[in-house]
Amino acid sequence: MKTLNRFSLLCLSLFLAVTGLATFDSVAPSLASRAAHAQDLESKKIVPFVPTPQEVVDKMIELAGVKTGDVVYDLGSGDGRIVITAAKKGARAVGFDVDGDLVKESRENIRKAGVQELAEIRQQDILTVDLSGASVVTMYLLPDVNLKLRPNVLSQMKPGSRVVSHAFDMGDWKPDKTERVDGRTIYLWTVPAKK
Ligand SMILES: C[S@@+](CC[C@H](N)C(=O)[O-])C[C@H]1O[C@@H](n2cnc3c(N)ncnc32)[C@H](O)[C@@H]1O
């Protein structure tokens with residue numbers, strides 16, 4: 001599939017060159033480097049896509065107290081359901097995912113839900129995201145990935161910001177609250193004051 005995408009881009013460059021719309025030499029390198037960049041990003045995928053059931057999403061958003069004025073980051077945004085649910089509460093919501101197909105699908109879902117004024121998806125590795133702009137971070141990842149993100153959460157997010165995780169905790173950082181929905185555990189933390 002990814003090879004096909006790359007092949008399609010090269011075919012498009014050839015077409016543009018043959019039809020005189022652009023020279024192959026001018027178009028091919030930038031298209032090829034964009035394809036290589038997308039492939040490089042996809043190689044950073046460290047968690048498979050498994051969607052959070054909507055009931056659980058609703059509880060995550062409720063537990064974090066998401067409201068107008070919040071900026072919600074969903075780390076590993078999948079099909080965009082958390083981002084869309086947060087935007088429907090009036091928050092500005094940004095999803096981050098490395099999977100090009102999911103980025104496309106989630107952008108389409110945002111458009112269908114009519115929340116494109118408030119919601120967006122960025123194709124970016126979650127380990128490189130600057131979390132300082134978020135008042136709420138949501139995640140459904142893996143235990144070791146949560147632990148990798150913990151230093152960024154604690155150093156970059158403002159005191160009082162909230163973090164909600166579906167299924168996995170943050171090691172010895174004790175949650176303020178846990179809830180069970182549909183057999184799933186949801187964890188809530190509040191970022192403490194800096195020492
Ligand atoms: C378990 S799914 C959760 C999807 C969504 N947040 C939800 O709860 O329905 C994890 C997501 O993380 C994405 N992902 C995995 N590694 C990533 C990385 N390094 N950077 C950004 N996204 C990543 C996957 O593509 C997948 O969509």
# chains A, B, ... in the order shown; residues from 1 in each chain; ligands from 1
$ residues_around --residues "region 119-136 of chain A" --least-positions-apart "2" --cutoff "7 Å" --atoms "only C-alpha atoms" --output "number ranges by chain"
A: 41, 44, 70-73, 75-76, 83-84, 87, 92-98, 103, 107, 110, 115-117, 138, 149, 153, 156-158, 161-163
$ select_by_dssp --residues "chain A" --states "strand (DSSP E)" --output "MDAnalysis selection string"
chainID A and resid 71:75 92:97 119:123 136:139 162:166 177:181 184:190
$ atom_distance --atom1 "CA of Leu147 (chain A)" --atom2 "CA of Gln54 (chain A)"
25.1 Å
$ closest_residue --among "A:Lys148, A:Leu142, A:Val57, A:Phe49" --to "Leu102 (chain A)" --atoms "only C-alpha atoms"
A:Phe49
$ residues_around --residues "Leu188 (chain A)" --least-positions-apart "5" --cutoff "10 Å" --atoms "only C-alpha atoms" --output "PyMOL selection string"
chain A and resi 60+63-64+138+162-166+169+174-179
$ write_last_selection --atoms "N, CA and C atoms" --output "CSV table (one decimal), in the first residue's frame"
chain,number,residue,atom,x,y,z
A,60,MET,N,-14.1,9.6,29.4
A,60,MET,CA,-12.8,10.2,29.5
A,60,MET,C,-12.9,11.7,29.4
A,63,LEU,N,-14.6,12.9,32.6
A,63,LEU,CA,-13.7,12.9,33.8
A,63,LEU,C,-12.7,14.0,33.7
A,64,ALA,N,-12.3,14.4,32.5
A,64,ALA,CA,-11.3,15.5,32.4
A,64,ALA,C,-12.0,16.8,32.5
A,138,THR,N,-5.2,13.4,26.3
A,138,THR,CA,-5.8,12.1,26.4
A,138,THR,C,-4.9,11.0,25.7
A,162,ARG,N,-4.9,18.5,32.9
A,162,ARG,CA,-5.4,17.1,33.2
A,162,ARG,C,-4.9,16.2,32.2
A,163,VAL,N,-4.7,14.9,32.6
A,163,VAL,CA,-4.2,13.8,31.7
A,163,VAL,C,-5.2,12.7,32.0
A,164,VAL,N,-5.7,12.1,30.9
A,164,VAL,CA,-6.6,11.0,31.0
A,164,VAL,C,-6.1,9.9,30.1
A,165,SER,N,-6.0,8.7,30.7
A,165,SER,CA,-5.6,7.5,30.0
A,165,SER,C,-6.6,6.4,30.0
A,166,HIS,N,-6.8,5.8,28.9
A,166,HIS,CA,-7.7,4.6,28.8
A,166,HIS,C,-6.8,3.4,29.0
A,169,ASP,N,-1.8,2.9,33.3
A,169,ASP,CA,-1.4,3.9,34.2
A,169,ASP,C,-0.1,4.6,33.9
A,174,LYS,N,0.6,8.3,41.0
A,174,LYS,CA,-0.8,7.8,41.4
A,174,LYS,C,-1.8,8.7,40.8
A,175,PRO,N,-2.9,8.1,40.2
A,175,PRO,CA,-4.0,8.9,39.6
A,175,PRO,C,-4.8,9.6,40.7
A,176,ASP,N,-5.4,10.7,40.3
A,176,ASP,CA,-6.4,11.4,41.3
A,176,ASP,C,-7.7,10.6,41.3
A,177,LYS,N,-8.0,10.0,40.2
A,177,LYS,CA,-9.3,9.3,40.1
A,177,LYS,C,-9.2,8.2,39.1
A,178,THR,N,-9.9,7.1,39.3
A,178,THR,CA,-10.1,6.1,38.3
A,178,THR,C,-11.6,5.7,38.2
A,179,GLU,N,-12.0,5.4,37.0
A,179,GLU,CA,-13.4,5.0,36.8
A,179,GLU,C,-13.4,3.7,35.9
$ decode --residues "region 141-152 of chain A" --atoms "N, CA and C atoms" --output "compact mmCIF listing (two decimals), in the first residue's frame"
# COMPACT_ATOMS: atom_id res chain seq x y z
N LEU A 141 -2.68 4.17 24.84
CA LEU A 141 -1.42 3.73 24.26
C LEU A 141 -1.00 2.39 24.88
N LEU A 142 0.19 2.33 25.43
CA LEU A 142 0.69 1.11 26.09
C LEU A 142 1.46 1.54 27.35
N PRO A 143 1.62 0.65 28.33
CA PRO A 143 2.27 1.06 29.57
C PRO A 143 3.65 1.71 29.36
N ASP A 144 4.49 1.10 28.51
CA ASP A 144 5.85 1.66 28.34
C ASP A 144 5.81 2.99 27.60
N VAL A 145 4.81 3.18 26.74
CA VAL A 145 4.71 4.44 26.00
C VAL A 145 4.22 5.55 26.95
N ASN A 146 3.27 5.21 27.82
CA ASN A 146 2.83 6.18 28.84
C ASN A 146 4.04 6.65 29.67
N LEU A 147 4.90 5.69 30.02
CA LEU A 147 6.06 6.04 30.85
C LEU A 147 7.06 6.92 30.09
N LYS A 148 7.15 6.68 28.77
CA LYS A 148 8.05 7.53 27.95
C LYS A 148 7.51 8.96 27.89
N LEU A 149 6.17 9.09 27.90
CA LEU A 149 5.56 10.43 27.78
C LEU A 149 5.52 11.18 29.11
N ARG A 150 5.61 10.45 30.20
CA ARG A 150 5.44 11.05 31.53
C ARG A 150 6.37 12.24 31.79
N PRO A 151 7.68 12.14 31.47
CA PRO A 151 8.54 13.31 31.71
C PRO A 151 8.09 14.55 30.93
N ASN A 152 7.61 14.35 29.70
CA ASN A 152 7.14 15.49 28.90
C ASN A 152 5.88 16.10 29.53
